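entry-v9.pdb (PDB, C-alpha atoms)
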ATOM      1  CA  MET H 214     -42.271-103.467-139.993
ATOM      2  CA  HIS H 215     -38.847-102.710-138.567
ATOM      3  CA  THR H 216     -39.659 -99.008-138.381
ATOM      4  CA  LYS H 217     -42.595 -99.446-136.001
ATOM      5  CA  PRO H 218     -40.566-100.987-133.155
ATOM      6  CA  LYS H 219     -37.882 -98.294-133.545
ATOM      7  CA  SER H 220     -40.558 -95.592-133.526
ATOM      8  CA  LEU H 221     -42.203 -97.143-130.493
ATOM      9  CA  ILE H 222     -38.866 -97.303-128.654
ATOM     10  CA  ALA H 223     -38.132 -93.693-129.559
ATOM     11  CA  VAL H 224     -41.536 -92.583-128.249
ATOM     12  CA  LEU H 225     -41.043 -94.563-125.014
ATOM     13  CA  VAL H 226     -37.561 -93.092-124.477
ATOM     14  CA  LEU H 227     -38.946 -89.597-125.102
ATOM     15  CA  PHE H 228     -41.853 -90.200-122.694
ATOM     16  CA  ILE H 229     -39.532 -91.500-119.951
ATOM     17  CA  THR H 230     -37.145 -88.590-120.463
ATOM     18  CA  ILE H 231     -39.925 -86.011-120.233
ATOM     19  CA  SER H 232     -41.632 -87.613-117.248
ATOM     20  CA  CYS H 233     -38.390 -87.958-115.295
ATOM     21  CA  GLY H 234     -37.389 -84.367-116.018
ATOM     22  CA  GLY H 235     -40.434 -82.924-114.288
ATOM     23  CA  GLY H 236     -39.122 -83.321-110.740
ATOM     24  CA  PRO H 237     -37.263 -80.750-108.703
ATOM     25  CA  GLU H 238     -33.789 -79.869-109.862
ATOM     26  CA  ALA H 239     -30.837 -81.051-107.799
ATOM     27  CA  THR H 240     -29.249 -78.361-105.655
ATOM     28  CA  GLN H 241     -25.728 -77.429-104.724
ATOM     29  CA  THR H 242     -24.509 -75.707-101.580
ATOM     30  CA  VAL H 243     -22.337 -72.661-102.223
ATOM     31  CA  LYS H 244     -20.426 -70.799 -99.548
ATOM     32  CA  GLY H 245     -19.460 -67.239 -98.899
ATOM     33  CA  ALA H 246     -16.930 -66.208 -96.275
ATOM     34  CA  ASP H 247     -19.366 -66.767 -93.413
ATOM     35  CA  TYR H 248     -22.588 -68.124 -94.910
ATOM     36  CA  SER H 249     -23.981 -70.812 -97.171
ATOM     37  CA  LEU H 250     -26.804 -70.928 -99.664
ATOM     38  CA  GLN H 251     -28.413 -73.749-101.620
ATOM     39  CA  ILE H 252     -28.963 -72.997-105.284
ATOM     40  CA  PRO H 253     -30.080 -75.019-108.321
ATOM     41  CA  GLY H 254     -27.378 -77.382-109.533
ATOM     42  CA  SER H 255     -27.524 -75.887-113.029
ATOM     43  CA  MET H 256     -26.251 -72.498-111.859
ATOM     44  CA  SER H 257     -22.579 -71.638-112.308
ATOM     45  CA  SER H 258     -20.279 -69.141-110.652
ATOM     46  CA  THR H 259     -19.652 -65.790-112.316
ATOM     47  CA  THR H 260     -18.115 -62.403-111.537
ATOM     48  CA  GLN H 261     -20.131 -60.411-114.066
ATOM     49  CA  LEU H 262     -23.380 -59.612-112.222
ATOM     50  CA  ASN H 263     -22.451 -57.095-109.511
ATOM     51  CA  GLU H 264     -19.040 -55.783-108.499
ATOM     52  CA  GLU H 265     -20.083 -55.541-104.824
ATOM     53  CA  ALA H 266     -21.387 -59.112-104.605
ATOM     54  CA  ALA H 267     -19.364 -61.622-102.620
ATOM     55  CA  LEU H 268     -21.238 -64.519-104.232
ATOM     56  CA  GLN H 269     -22.677 -64.606-107.776
ATOM     57  CA  TYR H 270     -24.294 -67.475-109.681
ATOM     58  CA  GLN H 271     -26.254 -67.654-112.908
ATOM     59  CA  ASN H 272     -27.944 -69.872-115.420
ATOM     60  CA  ILE H 273     -28.008 -67.819-118.605
ATOM     61  CA  ILE H 274     -30.149 -70.330-120.504
ATOM     62  CA  LYS H 275     -32.866 -70.345-117.820
ATOM     63  CA  GLU H 276     -32.397 -66.607-117.111
ATOM     64  CA  LEU H 277     -31.998 -67.221-113.374
ATOM     65  CA  TYR H 278     -29.522 -65.267-111.251
ATOM     66  CA  VAL H 279     -28.546 -64.860-107.598
ATOM     67  CA  ILE H 280     -26.076 -62.655-105.747
ATOM     68  CA  VAL H 281     -25.244 -62.047-102.104
ATOM     69  CA  ILE H 282     -23.847 -58.760-100.813
ATOM     70  CA  ASP H 283     -22.655 -58.637 -97.217
ATOM     71  CA  GLU H 284     -21.614 -55.651 -95.133
ATOM     72  CA  THR H 285     -20.512 -55.511 -91.529
ATOM     73  CA  LYS H 286     -22.621 -53.464 -89.161
ATOM     74  CA  THR H 287     -19.491 -51.382 -88.492
ATOM     75  CA  GLU H 288     -19.127 -50.627 -92.231
ATOM     76  CA  VAL H 289     -22.775 -49.583 -92.413
ATOM     77  CA  GLN H 290     -22.419 -47.268 -89.390
ATOM     78  CA  THR H 291     -19.250 -45.715 -90.855
ATOM     79  CA  ALA H 292     -21.023 -45.114 -94.193
ATOM     80  CA  LEU H 293     -23.995 -43.536 -92.397
ATOM     81  CA  ASP H 294     -21.710 -41.269 -90.346
ATOM     82  CA  GLU H 295     -19.443 -40.263 -93.245
ATOM     83  CA  ASN H 296     -22.418 -39.358 -95.434
ATOM     84  CA  GLY H 297     -24.397 -37.546 -92.744
ATOM     85  CA  LEU H 298     -27.156 -40.166 -92.878
ATOM     86  CA  GLN H 299     -27.052 -41.340 -89.247
ATOM     87  CA  TYR H 300     -30.199 -39.290 -88.479
ATOM     88  CA  ASP H 301     -32.069 -40.615 -91.533
ATOM     89  CA  TYR H 302     -31.275 -44.328 -91.159
ATOM     90  CA  THR H 303     -30.809 -46.487 -88.084
ATOM     91  CA  ASN H 304     -28.127 -49.165 -87.960
ATOM     92  CA  ASP H 305     -30.592 -52.033 -87.627
ATOM     93  CA  LEU H 306     -32.467 -54.229 -90.088
ATOM     94  CA  GLN H 307     -35.168 -51.616 -90.747
ATOM     95  CA  GLY H 308     -32.624 -48.846 -91.333
ATOM     96  CA  TYR H 309     -30.544 -51.083 -93.583
ATOM     97  CA  TYR H 310     -33.648 -52.061 -95.558
ATOM     98  CA  ASP H 311     -34.691 -48.396 -95.897
ATOM     99  CA  LEU H 312     -31.222 -47.355 -97.059
ATOM    100  CA  VAL H 313     -30.866 -50.114 -99.652
ATOM    101  CA  GLY H 314     -34.532 -49.801-100.635
ATOM    102  CA  ASN H 315     -34.030 -46.156-101.586
ATOM    103  CA  ASN H 316     -31.180 -47.229-103.845
ATOM    104  CA  ILE H 317     -33.426 -49.863-105.459
ATOM    105  CA  LEU H 318     -36.094 -47.207-106.042
ATOM    106  CA  SER H 319     -33.632 -44.919-107.811
ATOM    107  CA  THR H 320     -32.421 -47.784-110.010
ATOM    108  CA  LEU H 321     -35.954 -48.769-111.040
ATOM    109  CA  SER H 322     -37.307 -45.226-111.311
ATOM    110  CA  ARG H 323     -40.180 -46.019-108.949
ATOM    111  CA  ASP H 324     -41.786 -43.899-106.253
ATOM    112  CA  THR H 325     -42.516 -46.716-103.805
ATOM    113  CA  LEU H 326     -41.641 -50.321-103.118
ATOM    114  CA  PRO H 327     -44.154 -53.021-102.224
ATOM    115  CA  LYS H 328     -44.328 -53.698 -98.481
ATOM    116  CA  PRO H 329     -41.712 -56.291 -97.450
ATOM    117  CA  VAL H 330     -42.633 -59.389 -95.487
ATOM    118  CA  ASP H 331     -41.015 -59.527 -92.042
ATOM    119  CA  THR H 332     -39.848 -63.065 -91.416
ATOM    120  CA  THR H 333     -37.122 -65.235 -89.929
ATOM    121  CA  ILE H 334     -34.677 -67.185 -92.072
ATOM    122  CA  ASN H 335     -32.802 -69.903 -90.181
ATOM    123  CA  GLY H 336     -33.096 -67.976 -86.922
ATOM    124  CA  LEU H 337     -32.153 -64.566 -88.374
ATOM    125  CA  LYS H 338     -34.447 -61.554 -88.705
ATOM    126  CA  ALA H 339     -35.218 -60.833 -92.351
ATOM    127  CA  LYS H 340     -37.312 -58.733 -94.688
ATOM    128  CA  VAL H 341     -38.304 -60.280 -98.026
ATOM    129  CA  LEU H 342     -39.413 -58.164-100.949
ATOM    130  CA  LYS H 343     -40.832 -59.187-104.334
ATOM    131  CA  ILE H 344     -40.824 -56.630-107.103
ATOM    132  CA  GLU H 345     -41.226 -56.351-110.863
ATOM    133  CA  GLY H 346     -39.686 -53.607-112.921
ATOM    134  CA  THR H 347     -38.094 -52.699-116.205
ATOM    135  CA  VAL H 348     -34.350 -52.413-116.692
ATOM    136  CA  GLU H 349     -32.908 -51.610-120.108
ATOM    137  CA  GLY H 350     -36.215 -52.528-121.744
ATOM    138  CA  GLN H 351     -36.455 -55.936-120.018
ATOM    139  CA  ASN H 352     -39.290 -56.780-117.620
ATOM    140  CA  ILE H 353     -37.604 -58.335-114.589
ATOM    141  CA  TYR H 354     -38.905 -60.085-111.459
ATOM    142  CA  TRP H 355     -36.761 -59.874-108.315
ATOM    143  CA  LYS H 356     -36.899 -61.433-104.903
ATOM    144  CA  PHE H 357     -34.778 -59.637-102.322
ATOM    145  CA  ALA H 358     -34.006 -60.767 -98.800
ATOM    146  CA  PHE H 359     -32.426 -58.399 -96.292
ATOM    147  CA  ILE H 360     -31.044 -60.392 -93.379
ATOM    148  CA  GLU H 361     -29.522 -59.251 -90.102
ATOM    149  CA  GLY H 362     -26.757 -61.533 -88.923
ATOM    150  CA  LYS H 363     -24.761 -61.273 -85.706
ATOM    151  CA  LYS H 364     -22.096 -58.965 -87.173
ATOM    152  CA  LYS H 365     -23.294 -58.376 -90.750
ATOM    153  CA  TYR H 366     -26.213 -57.448 -92.930
ATOM    154  CA  TYR H 367     -26.810 -59.580 -96.007
ATOM    155  CA  GLN H 368     -28.685 -58.824 -99.203
ATOM    156  CA  ILE H 369     -29.755 -61.805-101.245
ATOM    157  CA  MET H 370     -30.996 -60.803-104.651
ATOM    158  CA  THR H 371     -32.363 -63.355-107.067
ATOM    159  CA  TRP H 372     -34.017 -62.473-110.363
ATOM    160  CA  THR H 373     -35.376 -63.700-113.663
ATOM    161  CA  LEU H 374     -37.388 -62.380-116.571
ATOM    162  CA  ALA H 375     -40.914 -61.450-115.484
ATOM    163  CA  SER H 376     -42.208 -63.907-118.093
ATOM    164  CA  ARG H 377     -40.405 -66.715-116.199
ATOM    165  CA  LYS H 378     -41.577 -65.696-112.733
ATOM    166  CA  ASP H 379     -43.961 -68.640-112.318
ATOM    167  CA  THR H 380     -41.330 -71.090-113.560
ATOM    168  CA  HIS H 381     -38.630 -69.917-111.128
ATOM    169  CA  GLU H 382     -40.607 -68.634-108.110
ATOM    170  CA  ALA H 383     -40.139 -71.813-106.048
ATOM    171  CA  ALA H 384     -36.390 -72.019-106.771
ATOM    172  CA  MET H 385     -35.983 -68.335-105.900
ATOM    173  CA  GLN H 386     -37.834 -68.822-102.613
ATOM    174  CA  ASP H 387     -35.789 -71.937-101.819
ATOM    175  CA  MET H 388     -32.528 -70.033-102.399
ATOM    176  CA  VAL H 389     -33.599 -67.244-100.034
ATOM    177  CA  ASN H 390     -34.860 -69.664 -97.370
ATOM    178  CA  SER H 391     -31.665 -71.750 -97.492
ATOM    179  CA  PHE H 392     -29.423 -68.895 -96.303
ATOM    180  CA  LYS H 393     -27.417 -69.815 -93.179
ATOM    181  CA  GLU H 394     -24.710 -68.006 -91.296
ATOM    182  CA  THR H 395     -21.765 -70.265 -90.513
ATOM    183  CA  SER H 396     -20.059 -70.517 -87.144
ATOM    184  CA  LYS H 397     -17.315 -68.128 -88.330
ATOM    185  CA  SER H 398     -19.783 -65.245 -88.447
ATOM    186  CA  LYS H 399     -21.108 -65.890 -84.946
ATOM    187  CA  GLU H 400     -17.809 -65.625 -83.073
TER     188      GLU H 400
END

Encoded form using structure tokens:
Amino acid sequence: MHTKPKSLIAVLVLFITISCGGGPEATQTVKGADYSLQIPGSMSSTTQLNEEAALQYQNIIKELYVIVIDETKTEVQTALDENGLQYDYTNDLQGYYDLVGNNILSTLSRDTLPKPVDTTINGLKAKVLKIEGTVEGQNIYWKFAFIEGKKKYYQIMTWTLASRKDTHEAAMQDMVNSFKETSKSKE
């Protein structure tokens, strides 16, 4: 008879644990030099995802990743001029998207990208792109946001395994939508 109450308590504890774990995950605010982003609290800082990224976070267990790359508009114009691309790409959000998009295409060995969604993220013009592709034999789902700030362009790239797309879609969208330039970048 003593085993039944212990079993019942164990089942109740398990039920409470499972039912409480179904809510949204707590978030943390992380900051770059002149921006902030809210990400799931379970993600941790890393330097292993992209050497150009100013901000990089991951949760290896959940297979969820995010990076932010920022470039000044002056740096973009210099790169266009030095590479003879100033006639192919404009130094605005569309030109920046086209330039980076061509790089994404070459990485994924695709001919075209899906059409991005033109939007506004916290008052800034943005283009958001969702794409699936294969890298090193892994099916990956990405959400990109290309954002035009006052002095910089930002790329937010978040990704997961394609098989976990439905699980992480809301968190990925929340990360993108939480992007904010800080007052330092607006001076």

Taking all atoms listed in the file into account, which of H:Ile274, H:Leu337, H:Leu250, H:Val279 comes nearest Thr371 (chain H)?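 Answer, going by the shortest atom-to-atom distance: H:Val279.
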
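Separating CA of Ala292 (chain H) from CA of Leu321 (chain H) is a distance of 22.8 Å.
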
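Residue nearest Lys356 (chain H), chosen from H:Asn263, H:Gln386, H:Asn296, H:Thr333 and counting only C-alpha atoms: H:Gln386.
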
Could you work out an axis-aligned bounding box for all listed atoms of region 262-276 of chain H, with 3 Å added on each of the six sides, and give its centre and edge lengths in Å to one decimal, as JSON?
{"center_x": -26.0, "center_y": -62.9, "center_z": -111.6, "size_x": 19.8, "size_y": 20.8, "size_z": 23.9}

Would you list the contacts of Leu326 (chain H) as a ChimeraX atom specification, taking every protein, DNA or RNA residue within 8 Å and counting all atoms listed in the file, but skipping same-chain residues closer than 5 positions in sequence? /H:314,318,344

Any idea what's packed within 7 Å of Tyr278 (chain H), counting only C-alpha atoms, ignoring anything in its chain fewer than 6 positions away? Could you give it as number ranges by chain? H: 270-272, 371-373

Residue with smallest distance to Ser376 (chain H) - pool H:Lys338, H:Lys275, H:Lys328, H:Lys363, counting only C-alpha atoms: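 Of all the options, H:Lys275 lies closest to Ser376 (chain H).
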
The PyMOL selection byres ((chain H and resi 345) around 8) - which residues does that actually catch in the file I just gave you? List them as a PyMOL selection string. chain H and resi 343-344+346-347+352-355+375

Which neighbours of Met370 (chain H) fall inside 10 Å, counting all atoms listed in the file, when residues of the same chain fewer than 6 positions from it are skipped, and could you give them as a PyMOL selection string? chain H and resi 266+269+278-282+341-343+355-359+385+388-389

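Across H:Glu265, H:Glu394, H:Asp305, H:Asp247, the tightest approach to Val289 (chain H) is made by H:Asp305 when counting all atoms listed in the file.
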
If I take CA of Leu262 (chain H) and CA of Thr395 (chain H), how far is one from the other in Å, to one decimal?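 CA of Thr395 (chain H) lies 24.2 Å from CA of Leu262 (chain H).
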
To test your reading of the syntax: which residues would the PyMOL selection byres ((chain H and resi 334) around 8) return for the file shown? Reply as a PyMOL selection string. chain H and resi 332-333+335-339+360+390-393

What gap, in Å, lies between CA of Leu277 (chain H) and CA of Gln307 (chain H)?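 We find that CA of Leu277 (chain H) and CA of Gln307 (chain H) lie 27.7 Å from each other.
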
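Each of H:Glu284, H:Glu276, H:Glu264, H:Asp387 was checked against Leu374 (chain H) using all atoms listed in the file; the smallest atom-to-atom distance is that of H:Glu276.
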
For Thr325 (chain H), the nearest of the candidates H:Thr285, H:Asp311, H:Gln299, H:Val243, counting only C-alpha atoms: H:Asp311

Translate the PyMOL selection byres ((chain H and resi 255) around 9), as applied to the file shown, into an explicit residue set as a list in words.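 Given this file, the PyMOL selection byres ((chain H and resi 255) around 9) evaluates to Glu238, Ala239, Thr240, Gln241, Ile252, Pro253, Gly254, Met256, Ser257, Gln271 and Asn272 of chain H.
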
With the input short on atoms, add N, CA, C and O atoms back to region 271-289 of chain H and write it as a compact mmCIF listing (two decimals), in the frame of the given file.
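Once written, result-v3.txt looks like this:
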# COMPACT_ATOMS: atom_id res chain seq x y z
N GLN H 271 -25.30 -67.89 -111.83
CA GLN H 271 -26.25 -67.65 -112.91
C GLN H 271 -26.51 -68.91 -113.71
O GLN H 271 -25.70 -69.84 -113.71
N ASN H 272 -27.65 -68.92 -114.36
CA ASN H 272 -27.94 -69.87 -115.42
C ASN H 272 -28.49 -69.03 -116.56
O ASN H 272 -29.65 -68.61 -116.53
N ILE H 273 -27.65 -68.72 -117.51
CA ILE H 273 -28.01 -67.82 -118.60
C ILE H 273 -29.13 -68.40 -119.45
O ILE H 273 -30.03 -67.68 -119.88
N ILE H 274 -29.12 -69.70 -119.67
CA ILE H 274 -30.15 -70.33 -120.50
C ILE H 274 -31.52 -70.20 -119.84
O ILE H 274 -32.51 -69.87 -120.49
N LYS H 275 -31.59 -70.44 -118.54
CA LYS H 275 -32.87 -70.34 -117.82
C LYS H 275 -33.19 -68.92 -117.38
O LYS H 275 -34.26 -68.67 -116.84
N GLU H 276 -32.22 -68.00 -117.55
CA GLU H 276 -32.40 -66.61 -117.11
C GLU H 276 -32.69 -66.55 -115.62
O GLU H 276 -33.63 -65.89 -115.17
N LEU H 277 -31.84 -67.20 -114.82
CA LEU H 277 -32.00 -67.22 -113.37
C LEU H 277 -30.66 -66.82 -112.75
O LEU H 277 -29.62 -67.35 -113.11
N TYR H 278 -30.73 -65.86 -111.81
CA TYR H 278 -29.52 -65.27 -111.25
C TYR H 278 -29.67 -65.10 -109.74
O TYR H 278 -30.78 -64.88 -109.24
N VAL H 279 -28.54 -65.14 -109.03
CA VAL H 279 -28.55 -64.86 -107.60
C VAL H 279 -27.21 -64.23 -107.21
O VAL H 279 -26.16 -64.62 -107.74
N ILE H 280 -27.29 -63.24 -106.33
CA ILE H 280 -26.08 -62.66 -105.75
C ILE H 280 -26.30 -62.47 -104.25
O ILE H 280 -27.45 -62.41 -103.79
N VAL H 281 -25.20 -62.39 -103.52
CA VAL H 281 -25.24 -62.05 -102.10
C VAL H 281 -24.23 -60.93 -101.88
O VAL H 281 -23.08 -61.03 -102.29
N ILE H 282 -24.70 -59.87 -101.23
CA ILE H 282 -23.85 -58.76 -100.81
C ILE H 282 -23.87 -58.76 -99.29
O ILE H 282 -24.94 -58.84 -98.69
N ASP H 283 -22.70 -58.70 -98.68
CA ASP H 283 -22.66 -58.64 -97.22
C ASP H 283 -21.84 -57.43 -96.78
O ASP H 283 -20.88 -57.05 -97.45
N GLU H 284 -22.28 -56.83 -95.68
CA GLU H 284 -21.61 -55.65 -95.13
C GLU H 284 -21.65 -55.76 -93.62
O GLU H 284 -22.68 -56.11 -93.05
N THR H 285 -20.52 -55.47 -92.99
CA THR H 285 -20.51 -55.51 -91.53
C THR H 285 -21.34 -54.35 -90.99
O THR H 285 -21.49 -53.32 -91.65
N LYS H 286 -21.85 -54.53 -89.80
CA LYS H 286 -22.62 -53.46 -89.16
C LYS H 286 -21.73 -52.25 -88.92
O LYS H 286 -22.19 -51.11 -89.01
N THR H 287 -20.45 -52.48 -88.67
CA THR H 287 -19.49 -51.38 -88.49
C THR H 287 -19.33 -50.60 -89.79
O THR H 287 -19.31 -49.36 -89.78
N GLU H 288 -19.23 -51.31 -90.93
CA GLU H 288 -19.13 -50.63 -92.23
C GLU H 288 -20.37 -49.79 -92.52
O GLU H 288 -20.26 -48.68 -93.02
N VAL H 289 -21.53 -50.32 -92.18
CA VAL H 289 -22.78 -49.58 -92.41
C VAL H 289 -22.79 -48.33 -91.56
O VAL H 289 -23.12 -47.24 -92.04
